[in-house]
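Structure data follow from work.tsv (TSV, C-alpha atoms and all ligand atoms):
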chain	number	residue	atom	x	y	z
J	300	MET	CA	0.00	0.00	0.00
J	301	ASP	CA	1.54	3.30	-1.06
J	302	ALA	CA	1.87	6.09	1.47
J	303	PRO	CA	-1.52	7.74	1.97
J	304	LEU	CA	-2.20	11.27	0.85
J	305	THR	CA	-0.76	13.74	3.30
J	306	THR	CA	-3.55	16.20	2.59
J	307	ARG	CA	-7.10	15.68	3.80
J	308	ARG	CA	-8.32	16.59	0.35
J	309	LEU	CA	-9.58	13.45	-1.32
J	310	VAL	CA	-8.93	13.65	-5.05
J	311	HIS	CA	-9.76	10.22	-6.47
J	312	PHE	CA	-10.99	7.12	-4.67
J	313	THR	CA	-9.58	4.23	-6.68
J	314	ARG	CA	-8.77	2.02	-3.67
J	315	ILE	CA	-8.82	2.24	0.13
J	316	SER	CA	-5.12	3.12	0.24
J	317	ASP	CA	-5.93	6.45	-1.48
J	318	LEU	CA	-7.26	7.57	1.91
J	319	ALA	CA	-5.27	9.15	4.72
J	320	PRO	CA	-6.35	7.71	8.11
J	321	ALA	CA	-7.76	11.14	9.07
J	322	THR	CA	-9.84	11.21	5.87
J	323	LEU	CA	-11.21	7.74	6.63
J	324	THR	CA	-12.21	8.87	10.12
J	325	GLU	CA	-13.80	12.03	8.71
J	326	LEU	CA	-15.67	10.03	6.09
J	327	LEU	CA	-17.09	7.53	8.59
J	328	GLU	CA	-18.09	10.29	11.02
J	329	LEU	CA	-19.77	12.19	8.20
J	330	ALA	CA	-21.66	9.03	7.20
J	331	GLU	CA	-22.86	8.60	10.80
J	332	THR	CA	-24.02	12.22	10.92
J	333	MET	CA	-25.78	11.81	7.59
J	334	LYS	CA	-27.64	8.78	8.94
J	335	GLU	CA	-28.77	10.74	11.99
J	336	ALA	CA	-29.72	13.98	10.22
J	337	PRO	CA	-30.27	13.29	6.51
J	338	ALA	CA	-32.33	16.46	6.06
J	339	HIS	CA	-29.31	18.57	6.94
J	340	TYR	CA	-27.55	17.45	3.73
J	341	GLU	CA	-30.45	17.81	1.30
J	342	ASN	CA	-29.26	19.92	-1.60
J	343	ALA	CA	-25.63	19.86	-0.41
J	344	LEU	CA	-24.73	19.00	-4.02
J	345	HIS	CA	-27.52	20.92	-5.70
J	346	GLY	CA	-26.73	21.48	-9.38
J	347	HIS	CA	-24.05	18.75	-9.46
J	348	SER	CA	-24.08	15.80	-11.89
J	349	ILE	CA	-22.47	12.41	-11.27
J	350	ALA	CA	-21.67	10.07	-14.20
J	351	CYS	CA	-22.09	6.43	-13.12
J	352	ILE	CA	-20.51	3.99	-15.62
J	353	PHE	CA	-21.30	0.33	-14.97
J	354	GLU	CA	-19.50	-2.24	-17.12
J	355	LYS	CA	-20.70	-5.09	-14.85
J	356	PRO	CA	-24.08	-5.85	-13.22
J	357	SER	CA	-24.89	-4.20	-9.89
J	358	THR	CA	-27.85	-3.94	-7.57
J	359	ARG	CA	-26.53	-2.30	-4.40
J	360	THR	CA	-23.78	-0.07	-5.78
J	361	ARG	CA	-25.72	1.23	-8.73
J	362	VAL	CA	-28.88	2.02	-6.78
J	363	SER	CA	-27.15	3.34	-3.66
J	364	PHE	CA	-25.00	5.76	-5.69
J	365	ALA	CA	-28.05	6.99	-7.61
J	366	ALA	CA	-30.01	7.37	-4.36
J	367	ALA	CA	-27.04	9.02	-2.59
J	368	ALA	CA	-26.69	11.57	-5.39
J	369	ALA	CA	-30.44	12.24	-5.39
J	370	ARG	CA	-30.54	12.71	-1.59
J	371	LEU	CA	-27.79	15.32	-1.89
J	372	GLY	CA	-29.64	17.12	-4.67
J	373	ALA	CA	-27.27	15.96	-7.43
J	374	THR	CA	-28.29	14.28	-10.68
J	375	PRO	CA	-26.88	10.78	-11.26
J	376	ILE	CA	-26.37	9.83	-14.91
J	377	ALA	CA	-26.34	6.03	-15.29
J	378	LEU	CA	-24.28	4.82	-18.26
J	379	THR	CA	-23.32	1.47	-19.73
J	380	PRO	CA	-20.41	1.05	-22.20
J	381	GLN	CA	-22.95	0.24	-24.92
J	382	GLU	CA	-24.44	3.69	-24.48
J	383	LEU	CA	-21.05	5.37	-24.64
J	384	GLN	CA	-18.57	5.60	-27.51
J	385	LEU	CA	-16.33	3.65	-25.09
J	386	GLY	CA	-18.20	0.58	-26.36
J	387	ARG	CA	-17.08	1.41	-29.92
J	388	GLY	CA	-13.44	1.84	-28.99
J	389	GLU	CA	-13.11	5.43	-27.81
J	390	SER	CA	-10.26	5.59	-25.33
J	391	ILE	CA	-10.60	5.94	-21.59
J	392	ALA	CA	-8.46	9.09	-21.79
J	393	ASP	CA	-10.79	10.79	-24.29
J	394	THR	CA	-13.87	9.63	-22.36
J	395	ALA	CA	-12.40	11.03	-19.12
J	396	ARG	CA	-11.58	14.41	-20.65
J	397	SER	CA	-14.99	14.75	-22.29
J	398	LEU	CA	-17.03	13.74	-19.23
J	399	SER	CA	-14.96	16.11	-17.07
J	400	GLY	CA	-16.51	18.96	-19.03
J	401	TYR	CA	-20.04	18.02	-17.97
J	402	VAL	CA	-20.09	16.28	-14.60
J	403	ASP	CA	-18.66	16.82	-11.11
J	404	ALA	CA	-17.53	13.23	-10.45
J	405	ILE	CA	-17.26	9.92	-12.32
J	406	VAL	CA	-18.19	6.64	-10.63
J	407	ILE	CA	-17.04	3.52	-12.51
J	408	ARG	CA	-17.50	-0.24	-12.11
J	409	THR	CA	-15.21	-2.09	-14.47
J	410	PHE	CA	-12.86	-5.04	-14.94
J	411	ALA	CA	-9.17	-4.04	-14.67
J	412	GLN	CA	-8.07	-1.71	-11.88
J	413	GLU	CA	-5.87	-0.07	-14.56
J	414	THR	CA	-9.05	1.21	-16.23
J	415	VAL	CA	-10.04	3.08	-13.06
J	416	GLU	CA	-6.52	4.45	-12.71
J	417	GLU	CA	-6.38	5.51	-16.36
J	418	LEU	CA	-9.70	7.31	-15.97
J	419	ALA	CA	-8.36	9.06	-12.85
J	420	ARG	CA	-5.16	10.01	-14.70
J	421	TRP	CA	-7.10	11.89	-17.39
J	422	ALA	CA	-10.19	13.14	-15.59
J	423	SER	CA	-10.15	16.61	-14.07
J	424	VAL	CA	-13.04	15.65	-11.77
J	425	PRO	CA	-12.88	13.01	-9.01
J	426	VAL	CA	-13.07	9.34	-10.04
J	427	VAL	CA	-14.61	6.75	-7.69
J	428	ASN	CA	-14.03	3.01	-8.06
J	429	ALA	CA	-17.40	1.25	-7.76
J	430	LEU	CA	-15.63	-2.16	-8.06
J	431	SER	CA	-12.83	-3.49	-10.21
J	432	ASN	CA	-11.45	-7.03	-10.40
J	433	GLU	CA	-8.86	-6.05	-7.79
J	434	HIS	CA	-10.61	-3.64	-5.38
J	435	HIS	CA	-14.04	-2.77	-4.01
J	436	PRO	CA	-13.28	0.24	-1.80
J	437	CYS	CA	-16.86	1.57	-1.54
J	438	GLN	CA	-17.89	-1.80	-0.10
J	439	ALA	CA	-15.11	-1.55	2.50
J	440	LEU	CA	-16.44	1.83	3.67
J	441	ALA	CA	-19.85	0.30	4.41
J	442	ASP	CA	-18.11	-2.68	6.07
J	443	LEU	CA	-16.16	-0.37	8.37
J	444	LEU	CA	-19.26	1.62	9.31
J	445	THR	CA	-21.12	-1.62	10.10
J	446	ILE	CA	-18.28	-2.92	12.28
J	447	LYS	CA	-18.05	0.45	14.07
J	448	GLU	CA	-21.80	0.44	14.73
J	449	ALA	CA	-21.66	-3.14	16.04
J	450	PHE	CA	-18.67	-2.72	18.37
J	451	GLY	CA	-18.30	1.03	18.92
J	452	ASP	CA	-14.77	1.12	17.52
J	453	LEU	CA	-12.56	-0.39	14.84
J	454	ALA	CA	-9.00	-0.49	16.21
J	455	GLY	CA	-8.14	-3.85	17.72
J	456	ARG	CA	-11.10	-5.69	16.18
J	457	ARG	CA	-10.35	-8.98	14.45
J	458	VAL	CA	-11.80	-9.77	11.03
J	459	ALA	CA	-11.68	-13.20	9.38
J	460	PHE	CA	-12.35	-13.35	5.63
J	461	ILE	CA	-13.08	-16.91	4.50
J	462	GLY	CA	-12.91	-17.91	0.82
J	463	ASP	CA	-11.20	-16.51	-2.26
J	464	GLY	CA	-8.23	-14.51	-0.96
J	465	GLY	CA	-7.66	-12.91	-4.37
J	466	ASP	CA	-11.13	-11.40	-4.29
J	467	ASN	CA	-11.66	-7.64	-4.71
J	468	VAL	CA	-13.57	-7.44	-1.42
J	469	ALA	CA	-10.80	-9.31	0.42
J	470	HIS	CA	-8.17	-6.93	-0.97
J	471	SER	CA	-10.13	-3.87	0.11
J	472	LEU	CA	-10.66	-5.39	3.57
J	473	LEU	CA	-6.90	-5.90	3.95
J	474	GLU	CA	-6.28	-2.25	3.11
J	475	ALA	CA	-9.17	-1.13	5.33
J	476	GLY	CA	-7.81	-3.19	8.23
J	477	ALA	CA	-4.39	-1.59	7.81
J	478	LEU	CA	-5.84	1.91	7.83
J	479	ALA	CA	-8.30	1.33	10.69
J	480	GLY	CA	-5.97	-0.75	12.89
J	481	MET	CA	-7.96	-4.00	12.63
J	482	ASP	CA	-6.37	-7.44	12.40
J	483	VAL	CA	-7.44	-9.16	9.19
J	484	THR	CA	-6.89	-12.87	8.61
J	485	ILE	CA	-7.71	-14.35	5.21
J	486	ALA	CA	-8.39	-18.09	5.11
J	487	CYS	CA	-8.10	-19.37	1.54
J	488	PRO	CA	-6.75	-22.24	-0.55
J	489	ARG	CA	-3.11	-21.78	-1.60
J	490	GLU	CA	-4.12	-21.21	-5.24
J	491	TYR	CA	-6.55	-18.44	-4.29
J	492	ALA	CA	-4.29	-16.22	-2.19
J	493	PRO	CA	-4.38	-12.41	-2.06
J	494	ASP	CA	-2.36	-10.49	-4.63
J	495	PRO	CA	1.10	-10.25	-2.98
J	496	ARG	CA	1.37	-6.58	-3.96
J	497	VAL	CA	-1.79	-5.74	-2.04
J	498	LEU	CA	-0.81	-7.91	0.95
J	499	HIS	CA	2.78	-6.63	1.15
J	500	GLY	CA	1.69	-3.03	0.67
J	501	ALA	CA	-0.85	-3.27	3.49
J	502	ARG	CA	1.65	-5.08	5.74
J	503	ALA	CA	4.30	-2.43	5.09
J	504	TYR	CA	1.79	0.20	6.14
J	505	VAL	CA	1.19	-1.43	9.55
J	506	GLU	CA	4.81	-2.36	10.22
J	507	ASP	CA	5.67	-1.94	13.94
J	508	THR	CA	2.05	-1.08	14.84
J	509	GLY	CA	1.08	-4.54	16.14
J	510	VAL	CA	-1.73	-4.83	13.58
J	511	GLU	CA	-1.66	-8.30	12.01
J	512	LEU	CA	-2.59	-9.04	8.40
J	513	GLN	CA	-2.32	-12.77	7.88
J	514	VAL	CA	-3.07	-15.45	5.31
J	515	VAL	CA	-3.84	-18.97	6.55
J	516	HIS	CA	-5.33	-22.03	4.92
J	517	ASP	CA	-7.44	-23.33	7.81
J	518	PRO	CA	-10.73	-21.42	8.28
J	519	ALA	CA	-10.92	-22.51	11.94
J	520	ILE	CA	-7.61	-20.75	12.67
J	521	ALA	CA	-8.81	-17.55	10.99
J	522	VAL	CA	-12.15	-17.49	12.80
J	523	ALA	CA	-10.82	-18.32	16.30
J	524	GLY	CA	-11.47	-15.19	18.38
J	525	ALA	CA	-12.72	-13.10	15.44
J	526	HIS	CA	-15.22	-10.29	15.97
J	527	VAL	CA	-16.26	-10.35	12.32
J	528	VAL	CA	-16.55	-13.31	9.94
J	529	TYR	CA	-16.80	-12.27	6.29
J	530	ALA	CA	-17.61	-14.20	3.10
J	531	ASP	CA	-17.98	-13.37	-0.58
J	532	VAL	CA	-18.90	-15.45	-3.62
J	533	TRP	CA	-16.34	-18.02	-4.77
J	534	ALA	CA	-16.55	-16.93	-8.42
J	535	SER	CA	-16.64	-13.17	-8.93
J	536	MET	CA	-18.09	-11.38	-11.94
J	537	GLY	CA	-15.95	-12.32	-14.94
J	538	GLU	CA	-14.91	-15.67	-13.38
J	539	GLU	CA	-18.10	-17.57	-14.20
J	540	SER	CA	-16.24	-20.08	-16.43
J	541	GLU	CA	-14.14	-21.11	-13.39
J	542	ARG	CA	-17.18	-21.71	-11.22
J	543	ASP	CA	-16.96	-25.53	-11.00
J	544	VAL	CA	-13.21	-25.56	-10.37
J	545	ARG	CA	-13.56	-22.89	-7.71
J	546	ARG	CA	-16.51	-24.64	-6.09
J	547	ARG	CA	-14.39	-27.77	-5.62
J	548	ALA	CA	-11.34	-25.91	-4.33
J	549	LEU	CA	-13.31	-23.67	-1.99
J	550	ALA	CA	-15.78	-26.26	-0.62
J	551	PRO	CA	-13.93	-26.50	2.75
J	552	TYR	CA	-14.29	-22.72	3.14
J	553	GLN	CA	-18.04	-22.46	3.63
J	554	VAL	CA	-19.04	-20.34	6.64
J	555	THR	CA	-21.21	-22.70	8.66
J	556	GLU	CA	-22.81	-22.44	12.10
J	557	GLU	CA	-20.02	-24.70	13.40
J	558	LEU	CA	-17.38	-22.27	12.08
J	559	MET	CA	-19.22	-19.24	13.49
J	560	ALA	CA	-19.22	-20.94	16.91
J	561	LEU	CA	-15.41	-20.59	17.00
J	562	ALA	CA	-15.58	-16.79	16.72
J	563	GLN	CA	-15.97	-14.38	19.66
J	564	PRO	CA	-19.31	-14.52	21.43
J	565	GLY	CA	-21.22	-11.63	19.85
J	566	ALA	CA	-19.33	-11.93	16.56
J	567	ILE	CA	-21.14	-10.71	13.45
J	568	PHE	CA	-21.31	-12.22	9.98
J	569	LEU	CA	-20.82	-9.93	6.98
J	570	HIS	CA	-21.20	-10.52	3.24
J	571	CYS	CA	-20.99	-7.87	0.52
J	572	LEU	CA	-23.83	-9.61	-1.41
J	573	PRO	CA	-25.00	-11.06	-3.73
J	574	ALA	CA	-24.70	-14.35	-1.80
J	575	LYS	CA	-24.93	-17.97	-2.83
J	576	ARG	CA	-26.49	-19.79	0.11
J	577	GLY	CA	-25.08	-23.32	0.38
J	578	GLU	CA	-21.77	-22.29	-1.24
J	579	GLU	CA	-19.69	-19.67	0.59
J	580	VAL	CA	-22.21	-19.39	3.44
J	581	ALA	CA	-24.84	-21.65	4.99
J	582	ALA	CA	-28.37	-20.23	4.92
J	583	GLU	CA	-28.55	-20.63	8.72
J	584	VAL	CA	-25.66	-18.17	9.09
J	585	ILE	CA	-26.58	-15.44	6.60
J	586	ASP	CA	-30.23	-15.60	7.67
J	587	GLY	CA	-29.40	-16.17	11.34
J	588	PRO	CA	-29.08	-13.93	14.41
J	589	GLN	CA	-25.39	-13.09	13.97
J	590	SER	CA	-25.85	-11.83	10.41
J	591	ALA	CA	-25.51	-8.07	9.95
J	592	VAL	CA	-25.71	-8.18	6.16
J	593	TRP	CA	-28.84	-6.05	5.77
J	594	ARG	CA	-27.46	-3.27	7.94
J	595	GLN	CA	-24.19	-3.61	6.00
J	596	SER	CA	-26.05	-3.37	2.70
J	597	ALA	CA	-28.02	-0.33	3.89
J	598	ASN	CA	-24.78	1.32	5.00
J	599	ARG	CA	-23.74	1.64	1.37
J	600	LEU	CA	-26.05	4.68	1.16
J	601	PRO	CA	-24.66	6.95	3.92
J	602	THR	CA	-21.04	6.01	3.17
J	603	GLU	CA	-21.51	6.87	-0.50
J	604	GLU	CA	-23.29	10.10	0.38
J	605	ALA	CA	-20.31	11.04	2.57
J	606	LEU	CA	-17.88	9.98	-0.14
J	607	LEU	CA	-19.61	12.01	-2.86
J	608	LEU	CA	-19.62	15.04	-0.60
J	609	LEU	CA	-15.93	14.69	0.26
J	610	VAL	CA	-14.70	14.08	-3.28
J	611	THR	CA	-16.75	16.83	-4.89
J	612	ARG	CA	-15.86	19.33	-2.16
J	613	GLY	CA	-12.33	19.32	-3.57
J	614	GLY	CA	-13.76	20.68	-6.84
J	615	ARG	CA	-12.07	20.57	-10.23
J	616	GLN	CA	-8.33	20.22	-10.54
Q	701	LIG	N1	-21.95	-5.48	-2.86
Q	701	LIG	C1	-22.14	-4.96	-4.09
Q	701	LIG	O1	-21.32	-4.21	-4.60
Q	701	LIG	O2	-23.30	-5.36	-4.67
Q	701	LIG	P1	-23.71	-5.07	-6.19
Q	701	LIG	O3	-22.83	-5.90	-7.06
Q	701	LIG	O4	-25.15	-5.48	-6.27
Q	701	LIG	O5	-23.52	-3.62	-6.46
Q	702	LIG	N1	-16.30	-10.36	-5.55
Q	702	LIG	C1	-17.62	-10.05	-6.07
Q	702	LIG	C2	-18.17	-8.87	-5.38
Q	702	LIG	C3	-19.55	-8.48	-5.81
Q	702	LIG	C4	-20.05	-7.25	-5.11
Q	702	LIG	C5	-17.52	-9.81	-7.57
Q	702	LIG	O1	-16.60	-9.12	-8.00
Q	702	LIG	O2	-18.35	-10.33	-8.30

How does this structure look as structure tokens?
Amino acid sequence: MDAPLTTRRLVHFTRISDLAPATLTELLELAETMKEAPAHYENALHGHSIACIFEKPSTRTRVSFAAAAARLGATPIALTPQELQLGRGESIADTARSLSGYVDAIVIRTFAQETVEELARWASVPVVNALSNEHHPCQALADLLTIKEAFGDLAGRRVAFIGDGGDNVAHSLLEAGALAGMDVTIACPREYAPDPRVLHGARAYVEDTGVELQVVHDPAIAVAGAHVVYADVWASMGEESERDVRRRALAPYQVTEELMALAQPGAIFLHCLPAKRGEEVAAEVIDGPQSAVWRQSANRLPTEEALLLLVTRGGRQ
């Protein structure tokens, strides 16, 4: 993880490590305030427009960003590549420079992280990553808010992610743990480990702080003493052709009631959704008393409202 920005001004949000710790704190506090007093922020972005490009399906991210923009008085403009010249080969650079003339921020869900970074390189308005193959930073913001609401604080909490360690959500959780001072243990098969660049970057960030970011192969070890147990699908968008192979390799990594029993008493279960009951999580867990997934899903809205406010406040570059 590269050194965070030294300024509190948030320019682009391509991954969690774009944030300074103080900006993360500010963002989560703003989200909490927005939940308590939504009326106070009505029209905070009056007259603003937000381009929302989705190259992959989305229920939560797409709708929560549109709703967040609307609640702030901004106009969201939903776009698919087929509706843009991007779908006919126009470059990211030309798309970024053109859209920057019309809108106040660009939200993009895409495949390669490089696409988000290329857009950010050329755009003169803030770019927000709404999920790439490598990172899902907006999800991590809602995850952090949910953990904070459940336990009152983040530092010192222990998170166990069980499943595909190379998953975008797992990567963003590692970076979020580093920034928030939470221990994160990923339990995954050897062939589905986190990207070493993400893991080493996050570990370098927490060096000498006592925060532990670990990768293990036994889910029981990861979950022992955890405050939060987290799962995501075994085959992410774009990996559908690997579904059977992944299902076999990841079968021992289902979050079951037996596994949850090894966590701290009072531990919560999180899942970014969509979920496949009977694969990465047993129905009894995701639909059971320890599940906080609906609060987590709802927390996408205030965290994205706070994010839109913070990124657009910086204005044009
Ligand atoms: N968690 C999440 O990003 O869900 P969607 O894919 O539905 O947006
Ligand atoms: N890892 C999943 C997350 C979905 C929100 C995917 O990329 O499909």

Which residues come within 9 Å of region 466-474 of chain J, counting only C-alpha atoms, excluding same-chain residues fewer than 5 positions away, as a ChimeraX atom specification?
/J:300,314-316,430-439,442-443,458,460-461,479,481-485,491-494,497-498,500-502,504,512,529-535,571

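Pairwise distance (CA of Lys334 (chain J), CA of Arg408 (chain J)) equals 25.0 Å.
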
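A distance search around ligand LIG 701 (chain Q) (7 Å at most, only C-alpha atoms and all ligand atoms) returns the following protein and nucleic acid residues: Pro356, Ser357, Thr358, Arg359, Thr360, Arg361, Leu430, Gln438, Cys571, Leu572 and Pro573 of chain J.
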
Please measure the separation of CA of Ala486 (chain J) and CA of Arg599 (chain J), giving the value in Å to one decimal.
25.3 Å

Out of J:Leu608, J:Ala365, J:Val514, J:Ala550, which residue has the shortest atom-to-atom distance to His499 (chain J) when counting only C-alpha atoms?
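Closest to His499 (chain J) of all the choices is J:Val514.
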
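With all atoms listed in the file as the atoms that count, the residue of J:Arg546, J:Gly577, J:Arg370, J:Arg489 with the shortest distance to Ala336 (chain J) is J:Arg370.
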
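Of the residues listed (J:Val415, J:Val505, J:Leu606, J:Leu327), J:Val415 shows the shortest atom-to-atom separation from Ile352 (chain J); distances use all atoms listed in the file.
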
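Of the listed residues (J:Val527, J:Leu326, J:Ala350, J:Arg387), J:Val527 comes nearest to Thr445 (chain J); the distances count only C-alpha atoms.
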
For CA of Glu539 (chain J) and atom O2 of ligand LIG 702 (chain Q), the interatomic separation in Å (one decimal):
9.3 Å

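Shortest atom-to-atom contact with ligand LIG 702 (chain Q) among J:Glu579, J:Glu448, J:Glu328, J:Glu538: J:Glu538, counting all atoms listed in the file.
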
Measuring atom to atom with all atoms listed in the file, identify which of J:Arg594, J:Arg396, J:His345, J:Arg576 is nearest to Val424 (chain J).
J:Arg396

Which residues come within 10 Å of Gly587 (chain J), counting only C-alpha atoms, excluding same-chain residues fewer than 4 positions away, as a ChimeraX atom specification?
/J:556,568,581-583,591

Show me, as a VMD selection string, the residues that have an atom within 12 Å of Ser399 (chain J) when counting all atoms listed in the file, minus same-chain residues fewer than 4 positions from it.
chain J and resid 348 to 350 391 to 395 403 to 406 418 to 426 614 to 616

Store the residues picked out above, limited to C-alpha atoms, as a tab-separated table (two decimals), in the frame of the given file.
chain	number	residue	atom	x	y	z
J	348	SER	CA	-24.08	15.80	-11.89
J	349	ILE	CA	-22.47	12.41	-11.27
J	350	ALA	CA	-21.67	10.07	-14.20
J	391	ILE	CA	-10.60	5.94	-21.59
J	392	ALA	CA	-8.46	9.09	-21.79
J	393	ASP	CA	-10.79	10.79	-24.29
J	394	THR	CA	-13.87	9.63	-22.36
J	395	ALA	CA	-12.40	11.03	-19.12
J	403	ASP	CA	-18.66	16.82	-11.11
J	404	ALA	CA	-17.53	13.23	-10.45
J	405	ILE	CA	-17.26	9.92	-12.32
J	406	VAL	CA	-18.19	6.64	-10.63
J	418	LEU	CA	-9.70	7.31	-15.97
J	419	ALA	CA	-8.36	9.06	-12.85
J	420	ARG	CA	-5.16	10.01	-14.70
J	421	TRP	CA	-7.10	11.89	-17.39
J	422	ALA	CA	-10.19	13.14	-15.59
J	423	SER	CA	-10.15	16.61	-14.07
J	424	VAL	CA	-13.04	15.65	-11.77
J	425	PRO	CA	-12.88	13.01	-9.01
J	426	VAL	CA	-13.07	9.34	-10.04
J	614	GLY	CA	-13.76	20.68	-6.84
J	615	ARG	CA	-12.07	20.57	-10.23
J	616	GLN	CA	-8.33	20.22	-10.54

What would region 504-522 of chain J look like with N, CA and C atoms restored, written as a JSON list (two decimals), keeping the file's coordinate frame?
[["chain", "number", "residue", "atom", "x", "y", "z"],
["J", 504, "TYR", "N", 2.45, -0.96, 5.54],
["J", 504, "TYR", "CA", 1.79, 0.20, 6.14],
["J", 504, "TYR", "C", 1.64, 0.04, 7.66],
["J", 505, "VAL", "N", 1.42, -1.22, 8.10],
["J", 505, "VAL", "CA", 1.19, -1.43, 9.55],
["J", 505, "VAL", "C", 2.44, -1.91, 10.28],
["J", 506, "GLU", "N", 3.57, -1.90, 9.61],
["J", 506, "GLU", "CA", 4.81, -2.36, 10.22],
["J", 506, "GLU", "C", 5.03, -1.67, 11.58],
["J", 507, "ASP", "N", 5.38, -2.45, 12.58],
["J", 507, "ASP", "CA", 5.67, -1.94, 13.94],
["J", 507, "ASP", "C", 4.45, -1.36, 14.66],
["J", 508, "THR", "N", 3.24, -1.59, 14.15],
["J", 508, "THR", "CA", 2.05, -1.08, 14.84],
["J", 508, "THR", "C", 1.36, -2.17, 15.66],
["J", 509, "GLY", "N", 1.74, -3.44, 15.43],
["J", 509, "GLY", "CA", 1.08, -4.54, 16.14],
["J", 509, "GLY", "C", -0.15, -5.06, 15.41],
["J", 510, "VAL", "N", -0.58, -4.35, 14.36],
["J", 510, "VAL", "CA", -1.73, -4.83, 13.58],
["J", 510, "VAL", "C", -1.27, -6.01, 12.72],
["J", 511, "GLU", "N", -2.07, -7.09, 12.73],
["J", 511, "GLU", "CA", -1.66, -8.30, 12.01],
["J", 511, "GLU", "C", -2.53, -8.53, 10.79],
["J", 512, "LEU", "N", -1.89, -8.71, 9.65],
["J", 512, "LEU", "CA", -2.59, -9.04, 8.40],
["J", 512, "LEU", "C", -2.02, -10.39, 7.96],
["J", 513, "GLN", "N", -2.84, -11.42, 8.08],
["J", 513, "GLN", "CA", -2.32, -12.77, 7.88],
["J", 513, "GLN", "C", -3.09, -13.52, 6.80],
["J", 514, "VAL", "N", -2.41, -14.52, 6.23],
["J", 514, "VAL", "CA", -3.07, -15.45, 5.31],
["J", 514, "VAL", "C", -2.85, -16.86, 5.87],
["J", 515, "VAL", "N", -3.94, -17.59, 6.06],
["J", 515, "VAL", "CA", -3.84, -18.97, 6.55],
["J", 515, "VAL", "C", -4.68, -19.84, 5.61],
["J", 516, "HIS", "N", -4.57, -21.15, 5.80],
["J", 516, "HIS", "CA", -5.33, -22.03, 4.92],
["J", 516, "HIS", "C", -6.40, -22.82, 5.67],
["J", 517, "ASP", "N", -6.45, -22.64, 6.98],
["J", 517, "ASP", "CA", -7.44, -23.33, 7.81],
["J", 517, "ASP", "C", -8.46, -22.30, 8.31],
["J", 518, "PRO", "N", -9.72, -22.40, 7.86],
["J", 518, "PRO", "CA", -10.73, -21.42, 8.28],
["J", 518, "PRO", "C", -10.88, -21.36, 9.80],
["J", 519, "ALA", "N", -10.73, -22.50, 10.48],
["J", 519, "ALA", "CA", -10.92, -22.51, 11.94],
["J", 519, "ALA", "C", -9.88, -21.62, 12.62],
["J", 520, "ILE", "N", -8.67, -21.59, 12.09],
["J", 520, "ILE", "CA", -7.61, -20.75, 12.67],
["J", 520, "ILE", "C", -7.97, -19.28, 12.47],
["J", 521, "ALA", "N", -8.47, -18.95, 11.28],
["J", 521, "ALA", "CA", -8.81, -17.55, 10.99],
["J", 521, "ALA", "C", -9.95, -17.06, 11.88],
["J", 522, "VAL", "N", -10.92, -17.92, 12.10],
["J", 522, "VAL", "CA", -12.15, -17.49, 12.80],
["J", 522, "VAL", "C", -11.96, -17.47, 14.32]]
